[in-house]
$ cat target_33.csv   # CSV, C-alpha atoms
chain,number,residue,atom,x,y,z
A,178,LYS,CA,5.2,-71.7,142.5
A,179,ALA,CA,7.7,-74.3,143.6
A,180,GLY,CA,7.7,-75.1,147.3
A,181,VAL,CA,10.5,-74.9,149.8
A,182,THR,CA,13.3,-77.3,149.0
A,183,GLN,CA,15.9,-78.8,151.3
A,184,THR,CA,19.0,-80.7,150.5
A,185,PRO,CA,20.1,-83.3,151.2
A,186,ARG,CA,17.0,-85.2,152.4
A,187,TYR,CA,19.0,-87.8,154.4
A,188,LEU,CA,22.4,-87.6,155.9
A,189,ILE,CA,24.5,-89.9,158.1
A,190,LYS,CA,27.5,-88.4,159.9
A,191,THR,CA,29.9,-89.5,162.6
A,192,ARG,CA,30.2,-87.8,166.0
A,193,GLY,CA,32.7,-84.9,165.8
A,194,GLN,CA,32.2,-84.2,162.1
A,195,GLN,CA,30.4,-81.1,160.8
A,196,VAL,CA,27.5,-80.8,158.5
A,197,THR,CA,25.9,-78.2,156.2
A,198,LEU,CA,22.2,-78.3,155.3
A,199,SER,CA,20.7,-76.2,152.6
A,200,CYS,CA,17.3,-74.6,152.1
A,201,SER,CA,15.8,-72.8,149.1
A,202,PRO,CA,12.6,-70.8,150.0
A,203,ILE,CA,9.6,-70.2,147.9
A,204,SER,CA,10.3,-67.6,145.2
A,205,GLY,CA,9.8,-64.1,146.6
A,206,HIS,CA,10.0,-65.2,150.2
A,207,ARG,CA,12.7,-63.3,152.1
A,208,SER,CA,12.3,-64.9,155.5
A,209,VAL,CA,13.8,-68.3,156.3
A,210,SER,CA,13.4,-70.1,159.7
A,211,TRP,CA,15.0,-73.3,160.8
A,212,TYR,CA,13.6,-75.9,163.3
A,213,GLN,CA,14.9,-79.0,164.9
A,214,GLN,CA,12.4,-81.9,165.5
A,215,THR,CA,13.1,-84.7,167.8
A,216,PRO,CA,10.8,-87.2,169.5
A,217,GLY,CA,11.9,-86.0,173.0
A,218,GLN,CA,12.0,-82.3,172.5
A,219,GLY,CA,9.4,-81.8,169.8
A,220,LEU,CA,9.8,-78.9,167.4
A,221,GLN,CA,12.3,-76.3,168.5
A,222,PHE,CA,13.2,-73.0,166.8
A,223,LEU,CA,16.9,-72.6,165.8
A,224,PHE,CA,17.0,-69.3,164.0
A,225,GLU,CA,15.4,-66.9,161.5
A,226,TYR,CA,17.0,-64.9,158.7
A,227,PHE,CA,15.5,-62.0,156.8
A,228,SER,CA,17.4,-60.2,154.0
A,229,GLU,CA,20.7,-61.9,155.0
A,230,THR,CA,20.4,-60.9,158.6
A,231,GLN,CA,19.7,-63.1,161.6
A,232,ARG,CA,16.7,-61.6,163.3
A,233,ASN,CA,16.1,-64.2,165.9
A,234,LYS,CA,17.9,-67.1,167.5
A,235,GLY,CA,16.7,-70.0,169.6
A,236,ASN,CA,18.3,-71.5,172.6
A,237,PHE,CA,20.9,-73.7,170.9
A,238,PRO,CA,24.7,-73.9,171.5
A,239,GLY,CA,27.1,-72.0,169.3
A,240,ARG,CA,27.8,-75.2,167.3
A,241,PHE,CA,24.6,-74.4,165.4
A,242,SER,CA,25.0,-71.5,163.0
A,243,GLY,CA,23.4,-70.3,159.8
A,244,ARG,CA,23.5,-67.8,157.1
A,245,GLN,CA,21.3,-66.4,154.3
A,246,PHE,CA,22.5,-65.4,150.8
A,247,SER,CA,21.3,-62.5,148.6
A,248,ASN,CA,18.9,-64.9,146.7
A,249,SER,CA,17.3,-65.8,150.1
A,250,ARG,CA,18.7,-69.3,150.1
A,251,SER,CA,19.8,-70.3,153.5
A,252,GLU,CA,22.3,-72.8,155.0
A,253,MET,CA,22.7,-74.1,158.5
A,254,ASN,CA,25.9,-75.6,159.8
A,255,VAL,CA,26.4,-77.8,162.8
A,256,SER,CA,30.0,-78.3,163.9
A,257,THR,CA,31.4,-81.0,166.2
A,258,LEU,CA,28.3,-83.2,165.8
A,259,GLU,CA,27.0,-85.0,168.9
A,260,LEU,CA,24.7,-88.0,169.0
A,261,GLY,CA,21.9,-85.8,170.3
A,262,ASP,CA,22.0,-83.7,167.1
A,263,SER,CA,20.2,-86.6,165.3
A,264,ALA,CA,17.0,-85.1,164.3
A,265,LEU,CA,14.8,-83.9,161.5
A,266,TYR,CA,15.8,-80.4,160.5
A,267,LEU,CA,13.0,-78.3,159.0
A,268,CYS,CA,13.3,-75.1,157.0
A,269,ALA,CA,10.4,-72.8,156.5
A,270,SER,CA,9.9,-69.6,154.5
A,271,SER,CA,7.4,-66.8,154.7
A,272,PRO,CA,6.6,-63.8,152.7
A,273,ALA,CA,7.5,-60.3,153.8
A,274,ARG,CA,3.9,-59.3,153.8
A,275,GLY,CA,1.6,-62.0,154.9
A,276,GLY,CA,-0.4,-63.5,157.7
A,277,GLY,CA,2.5,-64.8,159.6
A,278,GLU,CA,2.3,-68.2,158.1
A,279,GLN,CA,5.4,-70.2,157.4
A,280,TYR,CA,5.7,-72.8,154.6
A,281,PHE,CA,7.8,-75.8,155.3
A,282,GLY,CA,10.2,-77.9,153.3
A,283,PRO,CA,10.3,-81.7,153.5
A,284,GLY,CA,13.2,-81.7,156.0
A,285,THR,CA,16.6,-83.2,156.2
A,286,ARG,CA,16.9,-86.3,158.4
A,287,LEU,CA,20.3,-86.2,160.1
A,288,THR,CA,21.6,-89.3,161.8
A,289,VAL,CA,24.8,-89.0,163.9
A,290,THR,CA,26.6,-92.3,164.7
B,34,ALA,CA,8.0,-66.4,176.8
B,35,GLN,CA,5.1,-67.9,174.9
B,36,THR,CA,4.0,-71.5,175.5
B,37,VAL,CA,1.6,-73.7,173.6
B,38,THR,CA,0.0,-76.8,175.2
B,39,GLN,CA,-1.8,-79.6,173.5
B,40,SER,CA,-3.2,-81.8,176.2
B,41,GLN,CA,-4.4,-84.7,174.0
B,42,PRO,CA,-1.4,-86.9,172.9
B,43,GLU,CA,-3.7,-89.1,170.8
B,44,MET,CA,-7.2,-88.8,169.4
B,45,SER,CA,-9.2,-91.1,167.2
B,46,VAL,CA,-12.3,-90.6,165.0
B,47,GLN,CA,-14.5,-92.7,162.7
B,48,GLU,CA,-14.4,-91.8,159.1
B,49,ALA,CA,-17.1,-89.2,158.3
B,50,GLU,CA,-17.4,-88.2,161.9
B,51,THR,CA,-16.3,-84.9,163.6
B,52,VAL,CA,-13.3,-84.5,165.9
B,53,THR,CA,-12.0,-81.6,167.9
B,54,LEU,CA,-8.4,-81.1,168.9
B,55,SER,CA,-7.6,-78.8,171.8
B,56,CYS,CA,-4.9,-76.2,172.2
B,57,THR,CA,-4.2,-73.6,174.9
B,58,TYR,CA,-1.4,-71.0,174.8
B,59,ASP,CA,0.1,-68.5,177.1
B,60,THR,CA,1.3,-65.0,176.0
B,61,SER,CA,1.3,-61.5,177.3
B,62,GLU,CA,1.1,-60.1,173.8
B,63,SER,CA,-2.2,-58.8,172.3
B,64,ASP,CA,-1.3,-59.2,168.6
B,65,TYR,CA,-0.3,-62.6,167.3
B,66,TYR,CA,-1.1,-65.4,164.9
B,67,LEU,CA,-2.2,-68.9,165.7
B,68,PHE,CA,-1.9,-71.9,163.3
B,69,TRP,CA,-2.7,-75.6,163.0
B,70,TYR,CA,-0.2,-77.6,161.0
B,71,LYS,CA,-0.6,-81.2,159.9
B,72,GLN,CA,2.4,-83.6,159.7
B,73,PRO,CA,1.5,-86.9,158.0
B,74,PRO,CA,3.9,-89.9,158.0
B,75,SER,CA,5.9,-88.3,155.2
B,76,ARG,CA,6.9,-85.7,157.8
B,77,GLN,CA,6.0,-82.8,155.4
B,78,MET,CA,4.6,-80.0,157.6
B,79,ILE,CA,1.4,-78.7,156.0
B,80,LEU,CA,-0.5,-75.5,157.0
B,81,VAL,CA,-4.1,-76.4,157.8
B,82,ILE,CA,-5.5,-73.1,159.0
B,83,ARG,CA,-4.5,-69.7,160.5
B,84,GLN,CA,-6.1,-67.2,162.8
B,85,GLU,CA,-5.2,-63.6,163.5
B,86,ALA,CA,-5.7,-62.6,167.1
B,87,TYR,CA,-7.3,-59.3,166.3
B,88,LYS,CA,-10.1,-61.0,164.3
B,89,GLN,CA,-13.0,-62.2,166.3
B,90,GLN,CA,-14.4,-64.3,163.6
B,91,ASN,CA,-13.3,-67.9,163.7
B,92,ALA,CA,-11.3,-69.1,160.6
B,93,THR,CA,-12.7,-71.8,158.4
B,94,GLU,CA,-11.0,-73.8,155.6
B,95,ASN,CA,-13.4,-76.3,154.0
B,96,ARG,CA,-13.8,-79.1,156.5
B,97,PHE,CA,-11.5,-77.4,159.0
B,98,SER,CA,-12.6,-74.7,161.4
B,99,VAL,CA,-11.3,-73.3,164.7
B,100,ASN,CA,-12.8,-72.1,167.9
B,101,PHE,CA,-10.7,-69.1,169.0
B,102,GLN,CA,-11.3,-67.9,172.5
B,103,LYS,CA,-8.9,-65.1,173.1
B,104,ALA,CA,-9.7,-64.4,176.7
B,105,ALA,CA,-9.4,-68.0,177.6
B,106,LYS,CA,-6.3,-68.4,175.4
B,107,SER,CA,-7.8,-71.4,173.7
B,108,PHE,CA,-7.6,-72.4,170.0
B,109,SER,CA,-9.3,-75.7,169.1
B,110,LEU,CA,-9.5,-77.3,165.7
B,111,LYS,CA,-12.6,-79.0,164.5
B,112,ILE,CA,-12.4,-81.5,161.6
B,113,SER,CA,-15.7,-82.3,160.1
B,114,ASP,CA,-16.5,-85.3,157.8
B,115,SER,CA,-13.2,-86.9,158.7
B,116,GLN,CA,-11.3,-88.7,156.0
B,117,LEU,CA,-8.6,-91.3,156.0
B,118,GLY,CA,-6.2,-88.7,154.6
B,119,ASP,CA,-6.7,-86.6,157.7
B,120,ALA,CA,-4.7,-89.1,159.8
B,121,ALA,CA,-1.5,-87.3,160.9
B,122,MET,CA,0.2,-85.5,163.8
B,123,TYR,CA,-1.4,-82.1,164.3
B,124,PHE,CA,0.5,-79.2,165.8
B,125,CYS,CA,-0.8,-76.0,167.2
B,126,ALA,CA,1.6,-73.1,166.8
B,127,TYR,CA,1.9,-69.5,167.9
B,128,ARG,CA,3.7,-66.6,166.2
B,129,SER,CA,4.1,-63.1,167.5
B,130,ALA,CA,2.9,-60.3,165.2
B,131,ASN,CA,5.2,-57.8,166.9
B,132,ALA,CA,7.8,-57.0,164.2
B,133,GLY,CA,10.1,-55.4,166.6
B,134,GLY,CA,9.9,-58.1,169.2
B,135,THR,CA,12.5,-60.7,170.1
B,136,SER,CA,10.3,-63.6,169.1
B,137,TYR,CA,9.2,-62.4,165.7
B,138,GLY,CA,9.7,-64.9,163.0
B,139,LYS,CA,9.6,-67.8,165.4
B,140,LEU,CA,6.8,-70.4,165.6
B,141,THR,CA,6.3,-71.9,169.0
B,142,PHE,CA,4.7,-75.3,168.7
B,143,GLY,CA,2.7,-77.5,171.0
B,144,GLN,CA,3.8,-81.2,171.5
B,145,GLY,CA,1.3,-82.4,168.9
B,146,THR,CA,-1.7,-84.7,168.8
B,147,ILE,CA,-1.7,-87.9,166.8
B,148,LEU,CA,-5.0,-88.3,165.0
B,149,THR,CA,-6.1,-91.8,163.9
B,150,VAL,CA,-9.0,-92.1,161.5
B,151,HIS,CA,-10.8,-95.4,161.5
B,152,PRO,CA,-12.6,-96.6,158.4
$ encode --input "target_33.csv" --output "C-alpha cells"
Amino acid sequence: KAGVTQTPRYLIKTRGQQVTLSCSPISGHRSVSWYQQTPGQGLQFLFEYFSETQRNKGNFPGRFSGRQFSNSRSEMNVSTLELGDSALYLCASSPARGGGEQYFGPGTRLTVT
Amino acid sequence: AQTVTQSQPEMSVQEAETVTLSCTYDTSESDYYLFWYKQPPSRQMILVIRQEAYKQQNATENRFSVNFQKAAKSFSLKISDSQLGDAAMYFCAYRSANAGGTSYGKLTFGQGTILTVHP
C-alpha cells in the first residue's frame, strides 16, 4: 500500500497570506490527524477528522481550519499567516479498526516571511 | 489532560551496544495506547513499537522492546545491538482508547530524545 502523502512538501508564504495543505491517507484509512511541529513547542495536535467530521480539535486559533472529503483526503487551511506559523505540518492516518497507531506523511515545511 | 515527559534530551550509544530511552506519562484513564516513534533527519515520523495498556506483556519488535510499568506510568524503550541507522529523534506518545472521549484520535507527544550512535 502507498503511504500517507502530503503536498506540497515545501512552501514559502508572506505574512498575512493564507495557505492550504493537502493530505492523502493510506488507502482504507478513514481517520486523518494533523500536527504542527516546531523547535520550541514540539509536536502539537491540530485536529482529527473521521468520515468527513471533525472529531477533535487542539488548542489553536480559529485561523487554523481543516476539512475531510468523502475519499478521506484532508486539507488544512491557515489564514492570515503569522511568522510563528512557520513549522513542519504533519498529517497522519489510522485505520478505523486498529491498535491506535497513526502513520505519518513526510510533512509540509511552511516558512512564513 | 494527559502529559508525556521524556527527561533525556540527548542520549548516545556505541554501535552494537544497548541503550534505554525513558518516558513517563500522566493520565487518569485506564485504557490507552503508548507508542515510540522515530524521526530521522529526513523528518519522516516512523512508528517503532506500540503497547496496549490492558496488555501486561511488554511489546517487542526485533531489536526494540519496551518496559511498560502501568502503575508507575513508565514506558521505556530498549534498543539492542544499536546500529548507525538508529540515530534519530525518538518520541514517546500517548493515545486514549476511549472512543467517546474528547481526546480520542489525538496523539500526545513527549519532547523527544535525540539518539546519537557512535561507530
$ residues_around --input "target_33.csv" --residues "stretch 268-273 of chain A" --least-positions-apart "4" --cutoff "9 Å" --atoms "all atoms listed in the file" --output "ChimeraX atom specification"
/A:181-183,199-203,205-213,227,251,277-285 /B:138
$ interface_residues --input "target_33.csv" --of "chain B" --to "chain A" --cutoff "9 Å" --atoms "all atoms listed in the file" --output "list in words"
Tyr65, Tyr66, Leu67, Phe68, Ser75, Arg76, Gln77, Met78, Ile79, Leu80, Arg83, Gln84, Glu85, Arg128, Ser129, Ala130, Thr135, Ser136, Tyr137, Gly138, Lys139, Leu140, Thr141, Phe142, Gly143, Gln144 and Gly145 of chain B
$ closest_residue --input "target_33.csv" --among "B:Thr53, B:Trp69, B:Ala132, B:Gly118" --to "B:Glu94" --atoms "all atoms listed in the file"
B:Trp69
$ atom_distance --input "target_33.csv" --atom1 "atom CA of B:Tyr70" --atom2 "atom CA of A:Leu188"
25.2 Å
$ residues_around --input "target_33.csv" --residues "B:Gln102" --least-positions-apart "4" --cutoff "10 Å" --atoms "all atoms listed in the file" --output "list in words"
Thr57, Ala86, Gln89, Asn91, Lys106, Ser107, Phe108 and Ser109 of chain B
$ residues_around --input "target_33.csv" --residues "B:Leu117" --least-positions-apart "5" --cutoff "8 Å" --atoms "all atoms listed in the file" --output "list in words"
Glu48, Val150, His151 and Pro152 of chain B
$ write_last_selection --input "target_33.csv" --atoms "C-alpha atoms" --output "JSON list (two decimals), keeping the file's coordinate frame"
[["chain", "number", "residue", "atom", "x", "y", "z"],
["B", 48, "GLU", "CA", -14.40, -91.80, 159.10],
["B", 150, "VAL", "CA", -9.00, -92.10, 161.50],
["B", 151, "HIS", "CA", -10.80, -95.40, 161.50],
["B", 152, "PRO", "CA", -12.60, -96.60, 158.40]]
$ atom_distance --input "target_33.csv" --atom1 "atom CA of A:Ser204" --atom2 "atom CA of A:Tyr266"
20.7 Å
$ residues_around --input "target_33.csv" --residues "B:Val81" --least-positions-apart "5" --cutoff "12 Å" --atoms "only C-alpha atoms" --output "list in words"
Glu278, Gln279 and Tyr280 of chain A; Leu67, Phe68, Trp69, Tyr70, Lys71, Gln72, Pro73, Ala92, Thr93, Glu94, Asn95, Arg96, Phe97, Ser98, Val99, Leu110, Lys111, Ile112, Asp119, Ala121, Met122, Tyr123, Phe124, Cys125 and Ala126 of chain B
$ atom_distance --input "target_33.csv" --atom1 "atom CA of A:Leu258" --atom2 "atom CA of B:Pro74"
26.5 Å
$ residues_around --input "target_33.csv" --residues "B:Ala49" --least-positions-apart "2" --cutoff "7 Å" --atoms "all atoms listed in the file" --output "count of residues only"
5
$ closest_residue --input "target_33.csv" --among "B:Thr60, B:Asn131, B:Thr146, B:Thr36" --to "B:Ala104" --atoms "all atoms listed in the file"
B:Thr60
$ closest_residue --input "target_33.csv" --among "A:Ser256, A:Thr215, A:Ser249, A:Ser242" --to "A:Glu229" --atoms "only C-alpha atoms"
A:Ser249
$ decode --input "target_33.csv" --residues "chain A" --atoms "C-alpha atoms" --output "PDB file, in the first residue's frame"
ATOM      1  CA  LYS A 178       0.000   0.000   0.000  1.00  0.00           C
ATOM      2  CA  ALA A 179       1.156   3.509  -0.657  1.00  0.00           C
ATOM      3  CA  GLY A 180       1.912   5.559   2.421  1.00  0.00           C
ATOM      4  CA  VAL A 181       0.484   8.881   3.516  1.00  0.00           C
ATOM      5  CA  THR A 182       1.243  11.628   1.030  1.00  0.00           C
ATOM      6  CA  GLN A 183       1.352  15.337   1.651  1.00  0.00           C
ATOM      7  CA  THR A 184       1.531  18.196  -0.816  1.00  0.00           C
ATOM      8  CA  PRO A 185       3.283  20.463  -1.213  1.00  0.00           C
ATOM      9  CA  ARG A 186       6.449  19.405   0.581  1.00  0.00           C
ATOM     10  CA  TYR A 187       7.804  22.933   0.903  1.00  0.00           C
ATOM     11  CA  LEU A 188       6.059  26.271   0.919  1.00  0.00           C
ATOM     12  CA  ILE A 189       7.132  29.864   1.417  1.00  0.00           C
ATOM     13  CA  LYS A 190       4.443  32.417   2.151  1.00  0.00           C
ATOM     14  CA  THR A 191       4.295  36.033   3.238  1.00  0.00           C
ATOM     15  CA  ARG A 192       2.772  37.203   6.492  1.00  0.00           C
ATOM     16  CA  GLY A 193      -0.948  37.883   6.048  1.00  0.00           C
ATOM     17  CA  GLN A 194      -1.434  35.382   3.238  1.00  0.00           C
ATOM     18  CA  GLN A 195      -3.349  32.144   3.539  1.00  0.00           C
ATOM     19  CA  VAL A 196      -2.232  28.612   2.737  1.00  0.00           C
ATOM     20  CA  THR A 197      -3.841  25.236   2.068  1.00  0.00           C
ATOM     21  CA  LEU A 198      -2.050  21.964   2.736  1.00  0.00           C
ATOM     22  CA  SER A 199      -3.225  18.618   1.432  1.00  0.00           C
ATOM     23  CA  CYS A 200      -3.016  15.092   2.827  1.00  0.00           C
ATOM     24  CA  SER A 201      -3.935  11.770   1.231  1.00  0.00           C
ATOM     25  CA  PRO A 202      -4.210   8.944   3.774  1.00  0.00           C
ATOM     26  CA  ILE A 203      -3.306   5.312   3.323  1.00  0.00           C
ATOM     27  CA  SER A 204      -5.962   3.554   1.276  1.00  0.00           C
ATOM     28  CA  GLY A 205      -8.762   2.355   3.542  1.00  0.00           C
ATOM     29  CA  HIS A 206      -7.886   4.674   6.413  1.00  0.00           C
ATOM     30  CA  ARG A 207     -10.748   6.944   7.377  1.00  0.00           C
ATOM     31  CA  SER A 208      -9.141   8.929  10.183  1.00  0.00           C
ATOM     32  CA  VAL A 209      -6.772  11.793   9.454  1.00  0.00           C
ATOM     33  CA  SER A 210      -4.993  13.858  12.103  1.00  0.00           C
ATOM     34  CA  TRP A 211      -2.868  16.973  11.713  1.00  0.00           C
ATOM     35  CA  TYR A 212       0.071  18.088  13.859  1.00  0.00           C
ATOM     36  CA  GLN A 213       2.306  21.129  13.971  1.00  0.00           C
ATOM     37  CA  GLN A 214       5.979  20.600  14.821  1.00  0.00           C
ATOM     38  CA  THR A 215       8.214  23.485  15.898  1.00  0.00           C
ATOM     39  CA  PRO A 216      11.545  23.524  17.748  1.00  0.00           C
ATOM     40  CA  GLY A 217      10.037  25.493  20.620  1.00  0.00           C
ATOM     41  CA  GLN A 218       6.671  23.813  21.108  1.00  0.00           C
ATOM     42  CA  GLY A 219       7.415  20.326  19.837  1.00  0.00           C
ATOM     43  CA  LEU A 220       4.596  18.299  18.315  1.00  0.00           C
ATOM     44  CA  GLN A 221       1.149  19.732  18.876  1.00  0.00           C
ATOM     45  CA  PHE A 222      -2.190  18.294  17.791  1.00  0.00           C
ATOM     46  CA  LEU A 223      -4.274  20.460  15.476  1.00  0.00           C
ATOM     47  CA  PHE A 224      -7.352  18.391  14.659  1.00  0.00           C
ATOM     48  CA  GLU A 225      -8.657  14.968  13.684  1.00  0.00           C
ATOM     49  CA  TYR A 226     -11.219  14.042  11.062  1.00  0.00           C
ATOM     50  CA  PHE A 227     -13.149  10.833  10.636  1.00  0.00           C
ATOM     51  CA  SER A 228     -15.665  10.239   7.857  1.00  0.00           C
ATOM     52  CA  GLU A 229     -15.738  13.943   6.963  1.00  0.00           C
ATOM     53  CA  THR A 230     -16.438  15.017  10.565  1.00  0.00           C
ATOM     54  CA  GLN A 231     -14.066  16.823  12.877  1.00  0.00           C
ATOM     55  CA  ARG A 232     -13.934  14.665  15.986  1.00  0.00           C
ATOM     56  CA  ASN A 233     -11.332  16.526  17.944  1.00  0.00           C
ATOM     57  CA  LYS A 234      -9.563  19.860  17.883  1.00  0.00           C
ATOM     58  CA  GLY A 235      -6.409  21.098  19.534  1.00  0.00           C
ATOM     59  CA  ASN A 236      -5.771  24.438  21.162  1.00  0.00           C
ATOM     60  CA  PHE A 237      -5.113  26.553  18.083  1.00  0.00           C
ATOM     61  CA  PRO A 238      -6.740  29.813  16.983  1.00  0.00           C
ATOM     62  CA  GLY A 239      -9.602  29.842  14.519  1.00  0.00           C
ATOM     63  CA  ARG A 240      -7.192  30.787  11.729  1.00  0.00           C
ATOM     64  CA  PHE A 241      -6.416  27.075  11.552  1.00  0.00           C
ATOM     65  CA  SER A 242      -9.145  25.033   9.942  1.00  0.00           C
ATOM     66  CA  GLY A 243      -9.494  21.778   8.130  1.00  0.00           C
ATOM     67  CA  ARG A 244     -11.830  19.528   6.280  1.00  0.00           C
ATOM     68  CA  GLN A 245     -12.072  15.979   5.002  1.00  0.00           C
ATOM     69  CA  PHE A 246     -13.558  14.797   1.756  1.00  0.00           C
ATOM     70  CA  SER A 247     -15.599  11.694   1.011  1.00  0.00           C
ATOM     71  CA  ASN A 248     -12.472   9.890  -0.257  1.00  0.00           C
ATOM     72  CA  SER A 249     -10.818  10.589   3.143  1.00  0.00           C
ATOM     73  CA  ARG A 250      -8.365  13.102   1.699  1.00  0.00           C
ATOM     74  CA  SER A 251      -7.938  16.044   4.011  1.00  0.00           C
ATOM     75  CA  GLU A 252      -6.906  19.661   3.732  1.00  0.00           C
ATOM     76  CA  MET A 253      -5.900  22.151   6.347  1.00  0.00           C
ATOM     77  CA  ASN A 254      -6.027  25.887   5.857  1.00  0.00           C
ATOM     78  CA  VAL A 255      -4.245  28.637   7.709  1.00  0.00           C
ATOM     79  CA  SER A 256      -5.490  32.149   7.109  1.00  0.00           C
ATOM     80  CA  THR A 257      -3.751  35.435   7.876  1.00  0.00           C
ATOM     81  CA  LEU A 258      -0.374  33.786   8.289  1.00  0.00           C
ATOM     82  CA  GLU A 259       1.921  34.895  11.101  1.00  0.00           C
ATOM     83  CA  LEU A 260       5.662  34.420  11.415  1.00  0.00           C
ATOM     84  CA  GLY A 261       5.016  31.969  14.252  1.00  0.00           C
ATOM     85  CA  ASP A 262       3.124  29.671  11.898  1.00  0.00           C
ATOM     86  CA  SER A 263       6.431  28.616  10.338  1.00  0.00           C
ATOM     87  CA  ALA A 264       6.620  24.922  11.116  1.00  0.00           C
ATOM     88  CA  LEU A 265       6.573  21.385   9.823  1.00  0.00           C
ATOM     89  CA  TYR A 266       2.957  20.289   9.396  1.00  0.00           C
ATOM     90  CA  LEU A 267       2.468  16.551   9.696  1.00  0.00           C
ATOM     91  CA  CYS A 268      -0.538  14.558   8.638  1.00  0.00           C
ATOM     92  CA  ALA A 269      -1.235  11.061   9.936  1.00  0.00           C
ATOM     93  CA  SER A 270      -3.832   8.450   9.099  1.00  0.00           C
ATOM     94  CA  SER A 271      -5.116   5.482  11.020  1.00  0.00           C
ATOM     95  CA  PRO A 272      -7.463   2.617  10.267  1.00  0.00           C
ATOM     96  CA  ALA A 273     -10.938   2.510  11.755  1.00  0.00           C
ATOM     97  CA  ARG A 274     -10.113  -0.750  13.474  1.00  0.00           C
ATOM     98  CA  GLY A 275      -6.574  -0.953  14.701  1.00  0.00           C
ATOM     99  CA  GLY A 276      -4.285  -0.605  17.631  1.00  0.00           C
ATOM    100  CA  GLY A 277      -4.496   3.156  17.801  1.00  0.00           C
ATOM    101  CA  GLU A 278      -1.365   3.670  15.755  1.00  0.00           C
ATOM    102  CA  GLN A 279      -1.085   6.563  13.349  1.00  0.00           C
ATOM    103  CA  TYR A 280       1.008   6.539  10.199  1.00  0.00           C
ATOM    104  CA  PHE A 281       2.633   9.777   9.223  1.00  0.00           C
ATOM    105  CA  GLY A 282       3.298  11.504   5.941  1.00  0.00           C
ATOM    106  CA  PRO A 283       6.586  13.242   5.129  1.00  0.00           C
ATOM    107  CA  GLY A 284       5.239  16.630   6.203  1.00  0.00           C
ATOM    108  CA  THR A 285       4.926  20.061   4.643  1.00  0.00           C
ATOM    109  CA  ARG A 286       7.581  22.584   5.629  1.00  0.00           C
ATOM    110  CA  LEU A 287       5.914  26.018   5.784  1.00  0.00           C
ATOM    111  CA  THR A 288       8.060  29.128   6.032  1.00  0.00           C
ATOM    112  CA  VAL A 289       6.349  32.465   6.646  1.00  0.00           C
ATOM    113  CA  THR A 290       8.405  35.571   5.841  1.00  0.00           C
TER     114      THR A 290
END
